[in-house]
Every structure is written in structure tokens, then in C-alpha cells.
Amino acid sequence: MIGDRVTVHYTGWLPDGTKFDSSWDRKDKFSFDLGKEEVIKAWDIGVATMKLGEVCQLTCKPEYAYGLAGSPPKIPPNTTLLFEVELFDFKGEDLTEEDGGIIRRIRKRGQGYAKPNEGATVDITLEGRHGERVFDRRELCFEIGEGESFDVPSGVEQALQHMEKGEQSLLLLKPSYAFGLAGKEKFQIPPNATLQYEVTLKSFEKTKENWEMSVEEKLEQSTIVKDRGTEYFKEGRYKRAVVQYKKIVSWLEYESAFSAEDGARAQGLRLAAHLNLAVCHLKLQDFSAALDSCHKALELDQSNEKGLFRRGEARLAVNDLELARDDFQKVLQLYPGNKAARAQLAICLQRIREQHAREKKLYANMFQRLAAERESKPEVAVAAGERQQPDANVQDNKQNGVAATQQPLGTEA
């Protein structure tokens, strides 16, 4: 299908039988993305009809090859070309570019070059399959980033941001981009299931990009998505909340055209976003991301109670006990009435004591083992009546009238 990565071997001839190119001669297969105009038009059309292992001959008239211009010096102008092509492999496009988690195959190409962005409103039809069973068939209109509310997997939302208006695509989603370890009881999807979706993007309306928004719009929208994120958090939908809070960061992090009043408001929104991101990441057990959010919050307010406390929680979760202790102690120095910090500090100190006890026991056992190994080694005995040979250096010194224990002047001991 369109967009598939295909791998072939080929040989090309001019009409008089002159061979002008061959991957076989180079012993190097050729790969390209089908239907993306990376090759001559005849190949995009012809190779799309082939089956795995097929060998075909393509006769390509000039308008489907290099046209009136040709491709000097090997291909003259207005030349019909002959190819023999063997198809070795084809596979869909990996939209993640990392783990093959979202494979797209384009059944029907869309129109234009514009694509939906995060927050865009999309009008789609979809059909979901698990094996041979169709479990979901709907027409939907929703905002990208809100798919979870409509039981749309994250992989479908990510794929939509690569699609053009009118495009129809097949998507193969690995579990982490579908319904994950939990599955989906509503659709009778078991845990850790790979799913297939057929999606048509009928139309969409993009949301404004960061550079298209005025300062007033950024502040207004940040307030709106902050409240929306808080609602998601209260409902336990932490991933959806993260999407909202990240919008605030993207809009305000590097904006500099603020008045004094707007700057203070923007800093307050950024601080709230980082603090809320931290607690969401803690709930999702993404402790590295939680630490990063805490650090950014504390850059804005180094004595922030929530920032210090949540950083302590993240450090405690990854067993970074001394740094966690320092954070909880600082919270109590600045805010002595924080009972949660006092309780976490007690847990932290207890775990530090337990860690020291384990280390002490470990080292004691190690030293005992070394001592036992030394004692078990037998002394080298001198047989009774056996005469020991004197050291050669000592013997030489005696013969020269120099005491064995005396070092000659001017030499190193």
C-alpha cells in the first residue's frame, strides 16, 4: 500500500538492450517508500501491484519514466525504459520511528499537505479489530488529546497527526499504543492485545500553533486547560491531565513579551503546571519525569512547599534516600506544620537505618570470610635437619666484609 517500505532488486535497459543500471551488479538491494514520488511514476504504479517474491517486467514510457528531459548521461531524452524487478520485502511505515508500535499502511491517499495537530478537532470513521473480530465501528468528532474520553487508543490519536484530509489508513497498534496491560472490558479486549484499526480522516480543524497565538490568547487558554487538567486529575485520568498541563508549558515557557502583570500571571501558571505535572507523574509512577517537573517548579520558586515535598517523594520512590531526607527536612524547616513531610521523613530515616544495618552486616561477613581464608592457609614448614640456603646478597656481603644489615652509602634502601 501507499507508504509501505519496499525492498527490491532490479535491472534497467534502454530500448537497444544497453544495460544502464543494476542493483544485482552492485549486490545491494534497493529500498524506497511506495507512492511517495521517491522513484519514477512507473515504479510507484507497477510495484504496488506485485506480490512478495514476484519477478516482473515493466515497460515504462517516457511520461512514466524521465520524460522529455531524460537523465543524462545514461538515459537520453524521451526514452522508453525496460526494467526487471523482484520484490523481496514490504512493510508499513513505523510512525513511532522507534519500536514499531504504530504501523501505518495507507489504503487511500488524502488531499493537500496539512495535518491535524495536538488539540485539533477531527471528524473520523473508525473500525477496530482484535484478530478477526470487529469490536468497534463508529463515526466520531473529538479533539486530539481527548481520545481517551471516547475510548480511542493513543496510537490512533498519534496516527491522526500524520494523516491528510480524506486519507484512509490501516493501523497496527502494539499493546502499549492500544489498551495496554489493562485491556478494555467494554470491548472485550484482553490485556496486552495487539489491535488493528481502519481510520478515515473525513475533515479536521487545526488549533492555533504557539507562534500564531497572542500573549492574551496564551494566558486565556492556559487558564482554561489548567482547569480542564484539574478535572481530569480528580477523575483519576492522569495521562489526560498531563496532556493539558504540558500545553501550558509549551505556550508560556519561552514567551518573553509579557508586561509585568502578565509576567507574574504567566509564572504562576507555569509553576502550577509543573507542580501538577509532578503529582500526575507520581501517580503514574514515572519518577524520572516527576523529578524533572519538580526541578523546573523549584527553579521558579526554590522554597515551594509542594515542589520540595513532591521531589522528596520521587527521590524516596527511587531509593535516593539521603537526597529525599534533605528535601523533607527542608520542608519542615520552612513549614514546620507539614505533617505529611514529618511522616515521610520518619519513613526515610528508618529506611536509611535499615540500609546502614545491611551494609554493616555485609562488611562484617566479608571481613570474617577473609580472616577465615587466611587462617585456612597452612604455614610453609622447614623439614627437620634441612639446612636453609642463605640469601645470596647476604652471603656476598659477608664475603666482602660488609654486614648484611648495613646498606652502602649513596644507595636506596
# chains A, B, ... in the order shown; residues from 1 in each chain; ligands from 1
$ residues_around --residues "A:Arg129" --least-positions-apart "4" --cutoff "12 Å" --atoms "only C-alpha atoms" --output "count of residues only"
20
$ select_by_dssp --residues "stretch 166-360 of chain A" --states "alpha helix (DSSP H)" --output "JSON, numbers by chain"
{"A": [215, 216, 217, 218, 219, 220, 221, 222, 223, 224, 225, 226, 227, 228, 229, 230, 231, 232, 233, 234, 238, 239, 240, 241, 242, 243, 244, 245, 246, 247, 248, 249, 250, 251, 252, 260, 261, 262, 263, 264, 265, 266, 267, 268, 269, 270, 271, 272, 273, 274, 275, 276, 277, 278, 279, 280, 281, 282, 283, 287, 288, 289, 290, 291, 292, 293, 294, 295, 296, 297, 298, 299, 300, 305, 306, 307, 308, 309, 310, 311, 312, 313, 314, 315, 316, 317, 321, 322, 323, 324, 325, 326, 327, 328, 329, 330, 331, 332, 333, 334, 339, 340, 341, 342, 343, 344, 345, 346, 347, 348, 349, 350, 351, 352, 353, 354, 355, 356, 357, 358, 359, 360]}
$ residues_around --residues "A:Phe150" --least-positions-apart "6" --cutoff "10 Å" --atoms "only C-alpha atoms" --output "count of residues only"
4
$ atom_distance --atom1 "atom CA of A:His356" --atom2 "atom CA of A:Leu370"
21.1 Å
$ select_by_dssp --residues "stretch 62-224 of chain A" --states "strand (DSSP E or B)" --output "count of residues only"
64
$ atom_distance --atom1 "atom CA of A:Lys29" --atom2 "atom CA of A:Glu86"
9.9 Å
$ residues_around --residues "stretch 284-300 of chain A" --least-positions-apart "6" --cutoff "6 Å" --atoms "only C-alpha atoms" --output "MDAnalysis selection string"
chainID A and resid 271 274 278 307 311 314
